[in-house]
file data33.cif (mmCIF, C-alpha atoms)
data_structure
#
loop_
_atom_site.label_atom_id
_atom_site.label_comp_id
_atom_site.auth_asym_id
_atom_site.auth_seq_id
_atom_site.Cartn_x
_atom_site.Cartn_y
_atom_site.Cartn_z
CA MET Q 3 71.15 -1.29 -242.12
CA GLY Q 4 69.63 1.10 -239.56
CA VAL Q 5 67.30 0.21 -236.71
CA ASP Q 6 63.79 -0.45 -237.89
CA ARG Q 7 60.77 0.94 -236.15
CA ARG Q 8 60.03 -2.25 -234.22
CA ASP Q 9 63.57 -2.46 -232.77
CA PHE Q 10 63.59 1.25 -232.02
CA LEU Q 11 60.38 0.95 -229.99
CA LYS Q 12 61.77 -2.06 -228.11
CA ILE Q 13 64.98 -0.25 -227.19
CA ALA Q 14 63.04 2.85 -226.19
CA GLY Q 15 60.67 0.83 -224.03
CA ILE Q 16 63.46 -1.01 -222.23
CA SER Q 17 65.35 2.25 -221.65
CA VAL Q 18 62.30 3.90 -220.10
CA ALA Q 19 61.67 0.87 -217.88
CA LEU Q 20 65.29 0.85 -216.73
CA GLY Q 21 65.24 4.58 -216.16
CA VAL Q 22 62.10 4.56 -214.03
CA GLY Q 23 63.22 1.50 -212.10
CA GLY Q 24 66.72 2.83 -211.56
CA GLY Q 25 68.11 5.79 -209.73
CA VAL Q 26 66.47 8.38 -211.96
CA GLY Q 27 63.03 7.09 -211.06
CA PHE Q 28 63.88 7.15 -207.39
CA GLN Q 29 65.03 10.72 -207.66
CA LEU Q 30 61.84 11.68 -209.48
CA LEU Q 31 59.40 9.95 -207.17
CA ARG Q 32 61.19 10.26 -203.83
CA PRO Q 33 63.73 13.08 -204.11
CA GLY Q 34 66.67 12.76 -201.77
CA HIS Q 35 65.80 9.21 -200.80
CA LEU Q 36 69.00 7.72 -202.16
CA ASP Q 37 71.30 10.43 -200.78
CA ALA Q 38 73.10 9.49 -197.62
CA ALA Q 39 71.88 11.57 -194.70
CA GLN Q 40 75.07 13.50 -194.02
CA GLU Q 41 73.83 16.13 -191.61
CA GLY Q 42 71.75 15.44 -188.58
CA PRO Q 43 70.89 16.76 -185.13
CA ASN Q 44 72.81 15.83 -182.05
CA PRO Q 45 70.80 13.02 -180.37
CA ARG Q 46 71.15 14.81 -177.03
CA ALA Q 47 69.54 18.00 -178.35
CA LEU Q 48 66.60 19.32 -176.31
CA LYS Q 49 63.33 19.07 -178.17
CA GLY Q 50 60.60 21.60 -177.61
CA GLN Q 51 57.60 22.87 -179.51
CA ARG Q 52 57.87 26.43 -178.26
CA TRP Q 53 60.71 27.57 -176.04
CA GLY Q 54 60.06 30.23 -173.46
CA MET Q 55 61.33 31.51 -170.16
CA ALA Q 56 59.85 32.45 -166.82
CA ILE Q 57 61.62 34.85 -164.47
CA ASP Q 58 60.64 34.44 -160.85
CA MET Q 59 60.84 37.94 -159.39
CA LYS Q 60 60.53 36.56 -155.84
CA LYS Q 61 63.75 34.60 -156.16
CA PHE Q 62 65.49 37.13 -158.33
CA THR Q 63 68.26 39.21 -156.72
CA PRO Q 64 70.87 41.62 -158.06
CA ALA Q 65 73.46 38.86 -157.52
CA THR Q 66 71.44 36.50 -159.71
CA ALA Q 67 71.31 39.12 -162.42
CA ARG Q 68 75.05 39.68 -162.26
CA ALA Q 69 75.76 35.96 -162.52
CA ALA Q 70 73.39 35.49 -165.45
CA ILE Q 71 74.63 38.51 -167.36
CA GLU Q 72 78.25 37.63 -166.75
CA ALA Q 73 77.80 34.02 -167.88
CA CYS Q 74 75.91 34.99 -171.04
CA HIS Q 75 78.20 37.81 -172.06
CA TYR Q 76 81.35 35.82 -171.42
CA TYR Q 77 80.31 32.67 -173.28
CA HIS Q 78 78.87 34.57 -176.23
CA ASN Q 79 81.83 36.92 -176.58
CA VAL Q 80 79.68 39.99 -176.07
CA PRO Q 81 81.95 43.06 -175.91
CA LEU Q 82 81.81 45.65 -173.15
CA ILE Q 83 82.14 49.06 -174.79
CA PRO Q 84 82.04 51.98 -172.36
CA THR Q 85 80.04 54.26 -174.67
CA LYS Q 86 76.57 54.47 -176.19
CA GLN Q 87 77.77 51.92 -178.72
CA ASN Q 88 77.78 49.13 -176.17
CA VAL Q 89 76.44 45.71 -177.10
CA LYS Q 90 74.13 43.73 -174.84
CA TRP Q 91 72.28 40.45 -174.98
CA ILE Q 92 70.81 40.50 -171.48
CA TRP Q 93 70.66 43.44 -169.10
CA LEU Q 94 68.90 45.05 -166.15
CA ALA Q 95 66.32 47.80 -166.48
CA PRO Q 96 63.95 49.53 -164.05
CA TYR Q 97 60.22 48.74 -163.88
CA ALA Q 98 59.20 51.95 -165.65
CA ASN Q 99 61.28 51.03 -168.71
CA VAL Q 100 60.43 47.36 -168.83
CA PHE Q 101 56.66 47.72 -168.35
CA PRO Q 102 55.98 51.26 -169.59
CA GLU Q 103 52.23 51.13 -170.16
CA THR Q 104 51.46 49.31 -166.96
CA ASP Q 105 52.03 52.31 -164.74
CA ASN Q 106 50.48 51.36 -161.44
CA PRO Q 107 50.86 53.47 -158.30
CA GLN Q 108 50.02 50.41 -156.21
CA ALA Q 109 52.71 48.18 -157.72
CA GLY Q 110 54.54 48.52 -154.42
CA GLU Q 111 57.87 46.73 -154.13
CA TYR Q 112 57.64 45.57 -157.75
CA ALA Q 113 57.93 49.14 -158.99
CA SER Q 114 61.32 49.54 -157.37
CA LEU Q 115 62.85 46.32 -158.70
CA GLN Q 116 65.33 45.99 -161.50
CA TYR Q 117 64.14 43.54 -164.15
CA ILE Q 118 66.34 41.34 -166.27
CA THR Q 119 65.52 41.77 -169.94
CA MET Q 120 66.59 40.02 -173.12
CA CYS Q 121 65.17 39.05 -176.46
CA ASN Q 122 61.57 37.92 -175.87
CA HIS Q 123 61.65 35.38 -178.71
CA CYS Q 124 58.22 36.60 -179.76
CA ASN Q 125 55.75 34.29 -181.42
CA ASN Q 126 55.07 37.09 -183.87
CA PRO Q 127 58.49 38.70 -184.16
CA PRO Q 128 58.58 42.07 -185.94
CA CYS Q 129 62.34 41.79 -186.46
CA VAL Q 130 61.85 38.70 -188.63
CA ARG Q 131 59.23 40.47 -190.73
CA VAL Q 132 61.43 43.46 -191.49
CA CYS Q 133 64.73 41.67 -192.13
CA PRO Q 134 65.45 42.07 -195.86
CA THR Q 135 67.98 39.22 -196.04
CA LYS Q 136 66.29 36.67 -193.76
CA ALA Q 137 69.34 36.89 -191.52
CA THR Q 138 66.85 36.92 -188.64
CA PHE Q 139 64.44 34.03 -188.78
CA GLN Q 140 62.20 32.02 -186.53
CA ARG Q 141 62.93 28.38 -185.98
CA ALA Q 142 60.20 25.76 -185.71
CA ASP Q 143 60.77 25.63 -181.94
CA GLY Q 144 60.14 29.37 -181.67
CA VAL Q 145 63.70 30.57 -181.17
CA VAL Q 146 64.24 33.82 -183.05
CA MET Q 147 67.68 33.16 -184.49
CA MET Q 148 70.20 35.27 -186.29
CA ASP Q 149 72.44 34.12 -189.08
CA PHE Q 150 75.27 36.60 -188.58
CA HIS Q 151 76.74 35.55 -191.92
CA ARG Q 152 73.77 37.05 -193.72
CA CYS Q 153 73.32 40.24 -191.72
CA ILE Q 154 74.04 43.31 -193.84
CA GLY Q 155 73.74 45.75 -190.94
CA CYS Q 156 70.69 47.65 -192.20
CA ARG Q 157 69.29 47.82 -188.62
CA PHE Q 158 65.64 47.49 -189.70
CA CYS Q 159 65.33 44.84 -186.99
CA MET Q 160 66.52 47.30 -184.37
CA ALA Q 161 63.84 49.72 -185.47
CA GLY Q 162 61.30 46.89 -185.51
CA CYS Q 163 62.04 45.46 -182.08
CA PRO Q 164 59.91 47.21 -179.43
CA TYR Q 165 62.09 45.88 -176.61
CA GLY Q 166 65.50 47.25 -177.58
CA SER Q 167 66.84 43.72 -177.55
CA ARG Q 168 69.22 44.25 -180.40
CA SER Q 169 72.61 45.91 -180.57
CA PHE Q 170 74.65 47.04 -183.52
CA ASN Q 171 78.39 46.60 -183.85
CA PHE Q 172 79.49 50.10 -184.76
CA GLN Q 173 83.09 48.93 -184.59
CA ASP Q 174 85.13 45.76 -184.46
CA PRO Q 175 84.10 44.21 -181.13
CA ARG Q 176 87.25 42.11 -180.66
CA PRO Q 177 89.33 44.72 -178.78
CA PHE Q 178 86.49 45.07 -176.24
CA ILE Q 179 86.25 41.40 -175.37
CA LYS Q 180 88.25 40.94 -172.20
CA LYS Q 181 88.51 37.17 -172.33
CA GLU Q 182 87.55 35.25 -175.43
CA SER Q 183 85.34 32.22 -175.09
CA PRO Q 184 86.59 29.59 -177.55
CA ASN Q 185 83.22 27.93 -178.20
CA PHE Q 186 81.36 30.80 -179.79
CA PRO Q 187 82.40 33.19 -182.55
CA THR Q 188 82.62 36.93 -182.06
CA ARG Q 189 80.84 39.29 -184.43
CA SER Q 190 82.33 41.72 -186.89
CA ARG Q 191 81.76 45.39 -187.54
CA GLY Q 192 78.42 46.18 -189.16
CA VAL Q 193 76.45 43.25 -187.78
CA VAL Q 194 73.46 43.31 -185.43
CA GLU Q 195 73.34 40.83 -182.58
CA LYS Q 196 71.03 39.68 -179.81
CA CYS Q 197 70.21 36.81 -177.47
CA ASN Q 198 69.80 33.49 -179.30
CA PHE Q 199 68.21 31.58 -176.38
CA CYS Q 200 71.50 29.66 -176.34
CA ALA Q 201 70.59 27.70 -179.46
CA GLU Q 202 74.09 26.22 -179.41
CA ARG Q 203 73.44 24.89 -175.88
CA LEU Q 204 69.99 23.49 -176.67
CA ALA Q 205 71.60 21.63 -179.56
CA VAL Q 206 73.76 19.65 -177.16
CA GLY Q 207 71.10 19.10 -174.52
CA GLU Q 208 71.98 21.88 -172.12
CA LEU Q 209 70.00 24.80 -170.72
CA PRO Q 210 70.77 28.45 -171.51
CA TYR Q 211 73.64 29.98 -169.59
CA CYS Q 212 71.44 32.53 -167.81
CA ALA Q 213 68.99 29.86 -166.58
CA GLU Q 214 71.90 27.76 -165.38
CA ALA Q 215 73.60 30.65 -163.59
CA SER Q 216 70.40 32.01 -162.02
CA GLY Q 217 69.97 29.24 -159.45
CA GLY Q 218 66.33 28.61 -160.33
CA ALA Q 219 65.20 32.23 -160.65
CA MET Q 220 65.07 31.92 -164.43
CA VAL Q 221 63.32 28.83 -165.73
CA PHE Q 222 63.63 27.79 -169.34
CA GLY Q 223 61.15 25.38 -170.84
CA ASP Q 224 58.54 24.38 -173.36
CA VAL Q 225 55.55 26.74 -173.32
CA ASP Q 226 53.50 24.47 -175.57
CA ASN Q 227 53.96 21.40 -173.38
CA ALA Q 228 51.37 21.46 -170.57
CA GLY Q 229 53.47 19.06 -168.51
CA SER Q 230 56.65 21.11 -168.53
CA GLU Q 231 58.17 22.66 -165.41
CA LEU Q 232 57.70 26.08 -166.99
CA ARG Q 233 53.97 25.57 -167.50
CA LYS Q 234 53.58 24.40 -163.90
CA MET Q 235 55.16 27.64 -162.72
CA LEU Q 236 53.00 29.71 -165.04
CA ARG Q 237 49.87 27.96 -163.78
CA GLY Q 238 50.69 28.59 -160.15
CA ARG Q 239 51.68 32.25 -160.30
CA TYR Q 240 50.56 35.47 -161.88
CA SER Q 241 52.79 36.44 -164.78
CA ILE Q 242 53.23 39.59 -166.81
CA ARG Q 243 54.83 40.10 -170.20
CA ARG Q 244 56.42 43.12 -171.81
CA LYS Q 245 54.18 45.30 -174.00
CA PRO Q 246 51.64 42.57 -174.77
CA ASN Q 247 49.34 45.09 -176.46
CA LEU Q 248 51.72 45.29 -179.44
CA GLY Q 249 50.73 41.79 -180.48
CA THR Q 250 54.23 40.39 -180.64
CA ASP Q 251 53.33 37.58 -178.21
CA PRO Q 252 56.57 37.66 -176.21
CA GLN Q 253 57.68 34.38 -174.62
CA VAL Q 254 59.49 35.73 -171.59
CA TYR Q 255 57.18 35.73 -168.58
CA TYR Q 256 57.80 37.66 -165.37
CA LEU Q 257 56.29 35.95 -162.33
CA VAL Q 258 55.18 38.48 -159.72
CA MET G 20 103.34 58.37 -245.93
CA LYS G 21 105.21 60.53 -243.57
CA LEU G 22 105.25 60.20 -239.78
CA TYR G 23 105.56 63.61 -238.21
CA ASP G 24 107.56 63.74 -234.97
CA GLY G 25 108.34 60.06 -235.49
CA GLY G 26 111.21 60.05 -233.01
CA LYS G 27 109.09 61.37 -230.16
CA ILE G 28 106.16 59.10 -230.94
CA ILE G 29 108.24 55.96 -231.15
CA THR G 30 110.20 56.82 -228.02
CA GLY G 31 106.88 57.46 -226.27
CA LEU G 32 105.46 54.16 -227.48
CA VAL G 33 108.53 52.26 -226.31
CA ILE G 34 108.38 53.91 -222.87
CA PHE G 35 104.65 53.18 -222.67
CA LEU G 36 105.16 49.52 -223.59
CA LEU G 37 107.98 49.18 -221.07
CA ILE G 38 105.83 50.59 -218.26
CA PHE G 39 102.73 48.68 -219.35
CA THR G 40 104.50 45.33 -219.39
CA PHE G 41 106.50 46.03 -216.23
CA PRO G 42 104.59 43.50 -214.08
CA PHE G 43 105.29 40.75 -216.61
CA TRP G 44 109.03 41.17 -217.24
CA SER G 45 109.94 42.28 -213.74
CA SER G 46 108.71 39.00 -212.26
CA LEU G 47 110.08 36.79 -215.05
CA GLY G 48 111.64 33.66 -213.65
CA LYS G 49 110.63 34.62 -210.14
CA ALA G 50 107.46 32.52 -209.81
CA ALA G 51 106.27 32.35 -206.22
CA PRO G 52 106.85 28.83 -204.91
CA THR G 53 103.71 26.71 -204.77
CA PRO G 54 102.73 26.37 -201.15
CA LYS G 55 103.31 22.94 -199.67
CA LEU G 56 100.33 21.74 -197.74
CA VAL G 57 101.26 20.04 -194.51
CA LEU G 58 98.56 17.58 -193.51
CA PRO G 59 98.12 16.67 -189.86
CA ALA G 60 100.29 13.82 -188.62
CA LYS G 61 98.81 10.35 -188.92
CA THR G 62 98.80 10.20 -185.14
CA VAL G 63 96.29 13.07 -185.05
CA ALA G 64 93.91 11.84 -187.72
CA LYS G 65 94.17 9.47 -190.66
CA GLN G 66 91.25 10.79 -192.62
CA CYS G 67 89.48 14.14 -193.01
CA VAL G 68 85.68 14.30 -192.82
CA THR G 69 85.63 13.39 -196.50
CA ALA G 70 88.10 12.51 -199.28
CA THR G 71 91.17 14.74 -199.49
CA PRO G 72 90.77 15.63 -203.21
CA TYR G 73 87.21 16.78 -202.50
CA MET G 74 88.35 18.82 -199.53
CA ARG G 75 91.14 20.37 -201.57
CA ALA G 76 88.81 21.44 -204.37
CA SER G 77 85.53 22.06 -202.56
CA HIS G 78 86.15 22.73 -198.87
CA MET G 79 84.45 26.10 -199.27
CA LYS G 80 81.29 24.41 -200.45
CA LEU G 81 81.39 21.95 -197.56
CA LEU G 82 81.91 24.81 -195.11
CA ASN G 83 78.97 26.72 -196.57
CA ASP G 84 76.80 23.61 -196.27
CA TRP G 85 77.89 23.18 -192.67
CA ARG G 86 77.16 26.80 -191.91
CA ASP G 87 73.63 26.60 -193.31
CA ALA G 88 72.91 23.27 -191.64
CA VAL G 89 74.10 24.46 -188.23
CA VAL G 90 72.72 27.97 -188.17
CA ARG G 91 69.51 27.64 -190.12
CA ASP G 92 68.45 24.04 -189.57
CA GLY G 93 70.04 23.36 -186.19
CA LEU G 94 71.72 20.21 -187.55
CA ARG G 95 75.12 20.06 -185.94
CA VAL G 96 76.38 16.54 -186.53
CA TYR G 97 78.07 15.52 -189.77
CA VAL G 98 78.12 11.85 -190.66
CA ALA G 99 81.26 11.08 -192.66
CA ASP G 100 81.35 8.50 -195.44
CA ASP G 101 82.95 6.01 -193.06
CA GLY G 102 80.17 6.51 -190.52
CA LYS G 103 82.14 8.67 -188.09
CA HIS G 104 80.30 11.57 -186.47
CA PHE G 105 81.71 15.08 -186.38
CA ASN G 106 80.53 18.23 -184.68
CA MET G 107 80.19 20.73 -187.54
CA SER G 108 82.44 23.49 -186.30
CA LEU G 109 85.21 25.36 -188.07
CA THR G 110 87.07 26.41 -184.94
CA ASN G 111 86.49 23.31 -182.88
CA THR G 112 86.55 20.53 -185.47
CA CYS G 113 88.59 21.58 -188.53
CA LEU G 114 91.18 23.51 -186.56
CA SER G 115 91.56 20.79 -183.95
CA CYS G 116 93.45 18.60 -186.46
CA HIS G 117 94.69 21.32 -188.80
CA ASP G 118 96.00 23.19 -185.82
CA SER G 119 97.85 25.96 -187.60
CA LYS G 120 95.70 28.49 -189.41
CA GLU G 121 98.80 30.11 -190.89
CA LYS G 122 100.07 26.93 -192.49
CA PHE G 123 96.75 25.39 -193.32
CA CYS G 124 94.52 28.30 -194.41
CA ASP G 125 96.55 31.43 -195.03
CA GLN G 126 99.36 29.89 -197.04
CA CYS G 127 97.21 28.84 -200.01
CA HIS G 128 94.72 31.68 -199.68
CA ASN G 129 97.55 34.20 -199.89
CA TYR G 130 99.11 32.38 -202.83
CA LEU G 131 95.79 32.47 -204.70
CA ALA G 132 94.95 35.98 -203.48
CA VAL G 133 91.63 35.03 -201.97
CA ALA G 134 90.53 36.58 -198.70
CA PRO G 135 87.65 34.72 -197.09
CA PHE G 136 86.36 36.53 -194.00
CA CYS G 137 85.86 33.47 -191.76
CA TRP G 138 88.27 34.71 -189.13
CA GLU G 139 86.75 38.14 -188.70
CA CYS G 140 84.28 36.42 -186.39
CA HIS G 141 85.39 32.83 -185.88
CA LEU G 142 88.15 32.53 -183.36
CA VAL G 143 91.47 30.93 -184.11
CA PRO G 144 92.38 28.43 -181.42
CA LYS G 145 95.64 29.20 -179.68
CA GLU G 146 98.39 27.27 -181.41
CA LYS G 147 99.96 24.55 -179.35
CA LYS G 148 103.68 25.02 -179.32
#
call {"tool": "encode", "arguments": {"input": "data33.cif", "output": "structure tokens"}}
result
Amino acid sequence: MGVDRRDFLKIAGISVALGVGGGVGFQLLRPGHLDAAQEGPNPRALKGQRWGMAIDMKKFTPATARAAIEACHYYHNVPLIPTKQNVKWIWLAPYANVFPETDNPQAGEYASLQYITMCNHCNNPPCVRVCPTKATFQRADGVVMMDFHRCIGCRFCMAGCPYGSRSFNFQDPRPFIKKESPNFPTRSRGVVEKCNFCAERLAVGELPYCAEASGGAMVFGDVDNAGSELRKMLRGRYSIRRKPNLGTDPQVYYLV
Amino acid sequence: MKLYDGGKIITGLVIFLLIFTFPFWSSLGKAAPTPKLVLPAKTVAKQCVTATPYMRASHMKLLNDWRDAVVRDGLRVYVADDGKHFNMSLTNTCLSCHDSKEKFCDQCHNYLAVAPFCWECHLVPKEKK
């Protein structure tokens, strides 16, 4: 004899109750709740709402620049290629190139200085908008990051960036890296690269290499936190930013 | 039915078949030996970040998950099933126990003719001799 209607309804009812009460229900109502959290942040990681950097041009010297550039380029395995195909994350440029529309005959000593420049980690980054593969993206803490794995080398981002912060690997960079740093990968041919605000350092609670090597001339901090060291400096001094009229909202401030 | 130029056609067919099946009969009985995986000594580590059968079958999936977690979400610590914490890093975590890329990665990848491009960017730690 088969199951009659009454028994069938009982079995169905019990099954539904078990299903909703059991794992299936949990997955439906609170997805992921039962999964073990297998990936997490390092507890020492620095937490910020909006990372930025201030460069104190009064303390800044050519020696500071050399130390910062050397530290960054060594630790990030940035190659030194003696042609137009060179790759750079952080470099020196004259006033006229760094602040082109702020031509001021009375700029005095500031017009003759060399300025250290890098990715501005814009609040409104054009490179992120143009990237077709989302290889370049903006993290919640404002760092404009690159996922080198996803970069297809189209170079839209290089066209989009108004600061020239990005470099393309026209060739395998490995032969041009004098001494390899074991803690960071190199890049391969056909990939764009740029400063990542030392995301790998922030993740373990340390400051960017350039800030560390600059002896206080480059201050890294949280722009959105009014109590941060960076904000104190920005309150006390006059600061300028690169090409603010483009609306990219750059987060590297030059204190003059 | 008559086959014109039968001799030539059949000779041609035989030659064609011989050439076409060359890869099969030339390597008959010469199967490449299955690579033997050498796991790290028990003094180095007793247990990988997760069960060995899973690692053997799905390490590429785990590595992809690690990559996305580290690069895109900034999550850099992996909590193993036994509660141990690992820094998610191919060069600095995986290769610190499996300290020979040649024996641990290349051997099987070559045998299976797969060529992942991890090492075009990620650095291979210097092997300790």
call {"tool": "residues_around", "arguments": {"input": "data33.cif", "residues": "Ala88 of chain G", "least_positions_apart": "5", "cutoff": "12 Å", "atoms": "all atoms listed in the file", "output": "list in words"}}
result
Gln40, Glu41, Gly42, Pro43 and Asp149 of chain Q; Leu81, Leu82, Asn83, Gly93, Leu94, Arg95, Val96, Tyr97, Asn106, Met107 and Ser108 of chain G
call {"tool": "residues_around", "arguments": {"input": "data33.cif", "residues": "Lys90 of chain Q", "least_positions_apart": "2", "cutoff": "10 Å", "atoms": "only C-alpha atoms", "output": "list in words"}}
result
Ile71, Cys74, His75, Val80, Pro81, Leu82, Ile83, Gln87, Asn88, Ile92, Trp93, Met120, Gly166, Ser167, Arg168, Ser169, Phe170, Glu195, Lys196 and Cys197 of chain Q
call {"tool": "interface_residues", "arguments": {"input": "data33.cif", "of": "chain Q", "to": "chain G", "cutoff": "10 Å", "atoms": "all atoms listed in the file", "output": "VMD selection string"}}
result
chain Q and resid 38 to 45 47 137 to 142 147 to 151 174 to 176 182 to 191 201 to 202 204 to 206
call {"tool": "residues_around", "arguments": {"input": "data33.cif", "residues": "segment 50-57 of chain G", "least_positions_apart": "3", "cutoff": "12 Å", "atoms": "all atoms listed in the file", "output": "MDAnalysis selection string"}}
result
chainID G and resid 43:47 60:61 71 75 116:131
call {"tool": "write_last_selection", "arguments": {"input": "data33.cif", "atoms": "C-alpha atoms", "output": "PDB file, in the coordinates of the input"}}
result
ATOM      1  CA  PHE G  43     105.290  40.750-216.610  1.00  0.00           C
ATOM      2  CA  TRP G  44     109.030  41.170-217.240  1.00  0.00           C
ATOM      3  CA  SER G  45     109.940  42.280-213.740  1.00  0.00           C
ATOM      4  CA  SER G  46     108.710  39.000-212.260  1.00  0.00           C
ATOM      5  CA  LEU G  47     110.080  36.790-215.050  1.00  0.00           C
ATOM      6  CA  ALA G  60     100.290  13.820-188.620  1.00  0.00           C
ATOM      7  CA  LYS G  61      98.810  10.350-188.920  1.00  0.00           C
ATOM      8  CA  THR G  71      91.170  14.740-199.490  1.00  0.00           C
ATOM      9  CA  ARG G  75      91.140  20.370-201.570  1.00  0.00           C
ATOM     10  CA  CYS G 116      93.450  18.600-186.460  1.00  0.00           C
ATOM     11  CA  HIS G 117      94.690  21.320-188.800  1.00  0.00           C
ATOM     12  CA  ASP G 118      96.000  23.190-185.820  1.00  0.00           C
ATOM     13  CA  SER G 119      97.850  25.960-187.600  1.00  0.00           C
ATOM     14  CA  LYS G 120      95.700  28.490-189.410  1.00  0.00           C
ATOM     15  CA  GLU G 121      98.800  30.110-190.890  1.00  0.00           C
ATOM     16  CA  LYS G 122     100.070  26.930-192.490  1.00  0.00           C
ATOM     17  CA  PHE G 123      96.750  25.390-193.320  1.00  0.00           C
ATOM     18  CA  CYS G 124      94.520  28.300-194.410  1.00  0.00           C
ATOM     19  CA  ASP G 125      96.550  31.430-195.030  1.00  0.00           C
ATOM     20  CA  GLN G 126      99.360  29.890-197.040  1.00  0.00           C
ATOM     21  CA  CYS G 127      97.210  28.840-200.010  1.00  0.00           C
ATOM     22  CA  HIS G 128      94.720  31.680-199.680  1.00  0.00           C
ATOM     23  CA  ASN G 129      97.550  34.200-199.890  1.00  0.00           C
ATOM     24  CA  TYR G 130      99.110  32.380-202.830  1.00  0.00           C
ATOM     25  CA  LEU G 131      95.790  32.470-204.700  1.00  0.00           C
TER      26      LEU G 131
END
call {"tool": "atom_distance", "arguments": {"input": "data33.cif", "atom1": "atom CA of Tyr117 of chain Q", "atom2": "atom CA of Ala95 of chain Q"}}
result
5.3 Å
call {"tool": "atom_distance", "arguments": {"input": "data33.cif", "atom1": "atom CA of Arg152 of chain Q", "atom2": "atom CA of Leu114 of chain G"}}
result
23.2 Å
call {"tool": "closest_residue", "arguments": {"input": "data33.cif", "among": "Q:Tyr76, Q:Trp53, Q:Phe178, Q:Trp91", "to": "Tyr255 of chain Q", "atoms": "only C-alpha atoms"}}
result
Q:Trp53
call {"tool": "atom_distance", "arguments": {"input": "data33.cif", "atom1": "atom CA of Gly192 of chain Q", "atom2": "atom CA of Thr112 of chain G"}}
result
27.2 Å
call {"tool": "resolve_selection", "arguments": {"input": "data33.cif", "expression": "the PyMOL selection byres ((chain Q and resi 58-67) around 7)", "output": "VMD selection string"}}
result
chain Q and resid 56 to 57 68 to 71 118 216 219 to 220 256 to 258
call {"tool": "resolve_selection", "arguments": {"input": "data33.cif", "expression": "the PyMOL selection byres ((chain Q and resi 154) around 8)", "output": "PyMOL selection string"}}
result
chain Q and resi 135+152-153+155-156+192-193
call {"tool": "write_last_selection", "arguments": {"input": "data33.cif", "atoms": "C-alpha atoms", "output": "PDB file, in the coordinates of the input"}}
result
ATOM      1  CA  THR Q 135      67.980  39.220-196.040  1.00  0.00           C
ATOM      2  CA  ARG Q 152      73.770  37.050-193.720  1.00  0.00           C
ATOM      3  CA  CYS Q 153      73.320  40.240-191.720  1.00  0.00           C
ATOM      4  CA  GLY Q 155      73.740  45.750-190.940  1.00  0.00           C
ATOM      5  CA  CYS Q 156      70.690  47.650-192.200  1.00  0.00           C
ATOM      6  CA  GLY Q 192      78.420  46.180-189.160  1.00  0.00           C
ATOM      7  CA  VAL Q 193      76.450  43.250-187.780  1.00  0.00           C
TER       8      VAL Q 193
END
call {"tool": "resolve_selection", "arguments": {"input": "data33.cif", "expression": "the PyMOL selection byres ((chain Q and resi 103) around 10)", "output": "PDB file with C-alpha atoms, keeping the file's coordinate frame"}}
result
ATOM      1  CA  ALA Q  98      59.200  51.950-165.650  1.00  0.00           C
ATOM      2  CA  ASN Q  99      61.280  51.030-168.710  1.00  0.00           C
ATOM      3  CA  VAL Q 100      60.430  47.360-168.830  1.00  0.00           C
ATOM      4  CA  PHE Q 101      56.660  47.720-168.350  1.00  0.00           C
ATOM      5  CA  PRO Q 102      55.980  51.260-169.590  1.00  0.00           C
ATOM      6  CA  THR Q 104      51.460  49.310-166.960  1.00  0.00           C
ATOM      7  CA  ASP Q 105      52.030  52.310-164.740  1.00  0.00           C
ATOM      8  CA  ASN Q 106      50.480  51.360-161.440  1.00  0.00           C
ATOM      9  CA  ARG Q 244      56.420  43.120-171.810  1.00  0.00           C
ATOM     10  CA  LYS Q 245      54.180  45.300-174.000  1.00  0.00           C
ATOM     11  CA  PRO Q 246      51.640  42.570-174.770  1.00  0.00           C
ATOM     12  CA  ASN Q 247      49.340  45.090-176.460  1.00  0.00           C
TER      13      ASN Q 247
END
call {"tool": "build_atoms", "arguments": {"input": "data33.cif", "residues": "segment 222-230 of chain Q", "atoms": "N, CA and C atoms", "output": "PDB file, in the coordinates of the input"}}
result
ATOM      1  N   PHE Q 222      63.778  27.931-167.897  1.00  0.00           N
ATOM      2  CA  PHE Q 222      63.630  27.790-169.340  1.00  0.00           C
ATOM      3  C   PHE Q 222      62.822  26.533-169.607  1.00  0.00           C
ATOM      4  N   GLY Q 223      61.920  26.583-170.577  1.00  0.00           N
ATOM      5  CA  GLY Q 223      61.150  25.380-170.840  1.00  0.00           C
ATOM      6  C   GLY Q 223      60.236  25.512-172.041  1.00  0.00           C
ATOM      7  N   ASP Q 224      59.427  24.480-172.205  1.00  0.00           N
ATOM      8  CA  ASP Q 224      58.540  24.380-173.360  1.00  0.00           C
ATOM      9  C   ASP Q 224      57.171  24.959-172.999  1.00  0.00           C
ATOM     10  N   VAL Q 225      56.820  26.081-173.638  1.00  0.00           N
ATOM     11  CA  VAL Q 225      55.550  26.740-173.320  1.00  0.00           C
ATOM     12  C   VAL Q 225      54.371  25.936-173.863  1.00  0.00           C
ATOM     13  N   ASP Q 226      54.596  25.196-174.937  1.00  0.00           N
ATOM     14  CA  ASP Q 226      53.500  24.470-175.570  1.00  0.00           C
ATOM     15  C   ASP Q 226      53.259  23.098-174.935  1.00  0.00           C
ATOM     16  N   ASN Q 227      54.110  22.711-174.005  1.00  0.00           N
ATOM     17  CA  ASN Q 227      53.960  21.400-173.380  1.00  0.00           C
ATOM     18  C   ASN Q 227      53.362  21.585-171.984  1.00  0.00           C
ATOM     19  N   ALA Q 228      52.097  21.195-171.824  1.00  0.00           N
ATOM     20  CA  ALA Q 228      51.370  21.460-170.570  1.00  0.00           C
ATOM     21  C   ALA Q 228      52.021  20.779-169.380  1.00  0.00           C
ATOM     22  N   GLY Q 229      52.855  19.763-169.628  1.00  0.00           N
ATOM     23  CA  GLY Q 229      53.470  19.060-168.510  1.00  0.00           C
ATOM     24  C   GLY Q 229      54.827  19.602-168.108  1.00  0.00           C
ATOM     25  N   SER Q 230      55.291  20.636-168.797  1.00  0.00           N
ATOM     26  CA  SER Q 230      56.650  21.110-168.530  1.00  0.00           C
ATOM     27  C   SER Q 230      56.718  21.894-167.216  1.00  0.00           C
TER      28      SER Q 230
END
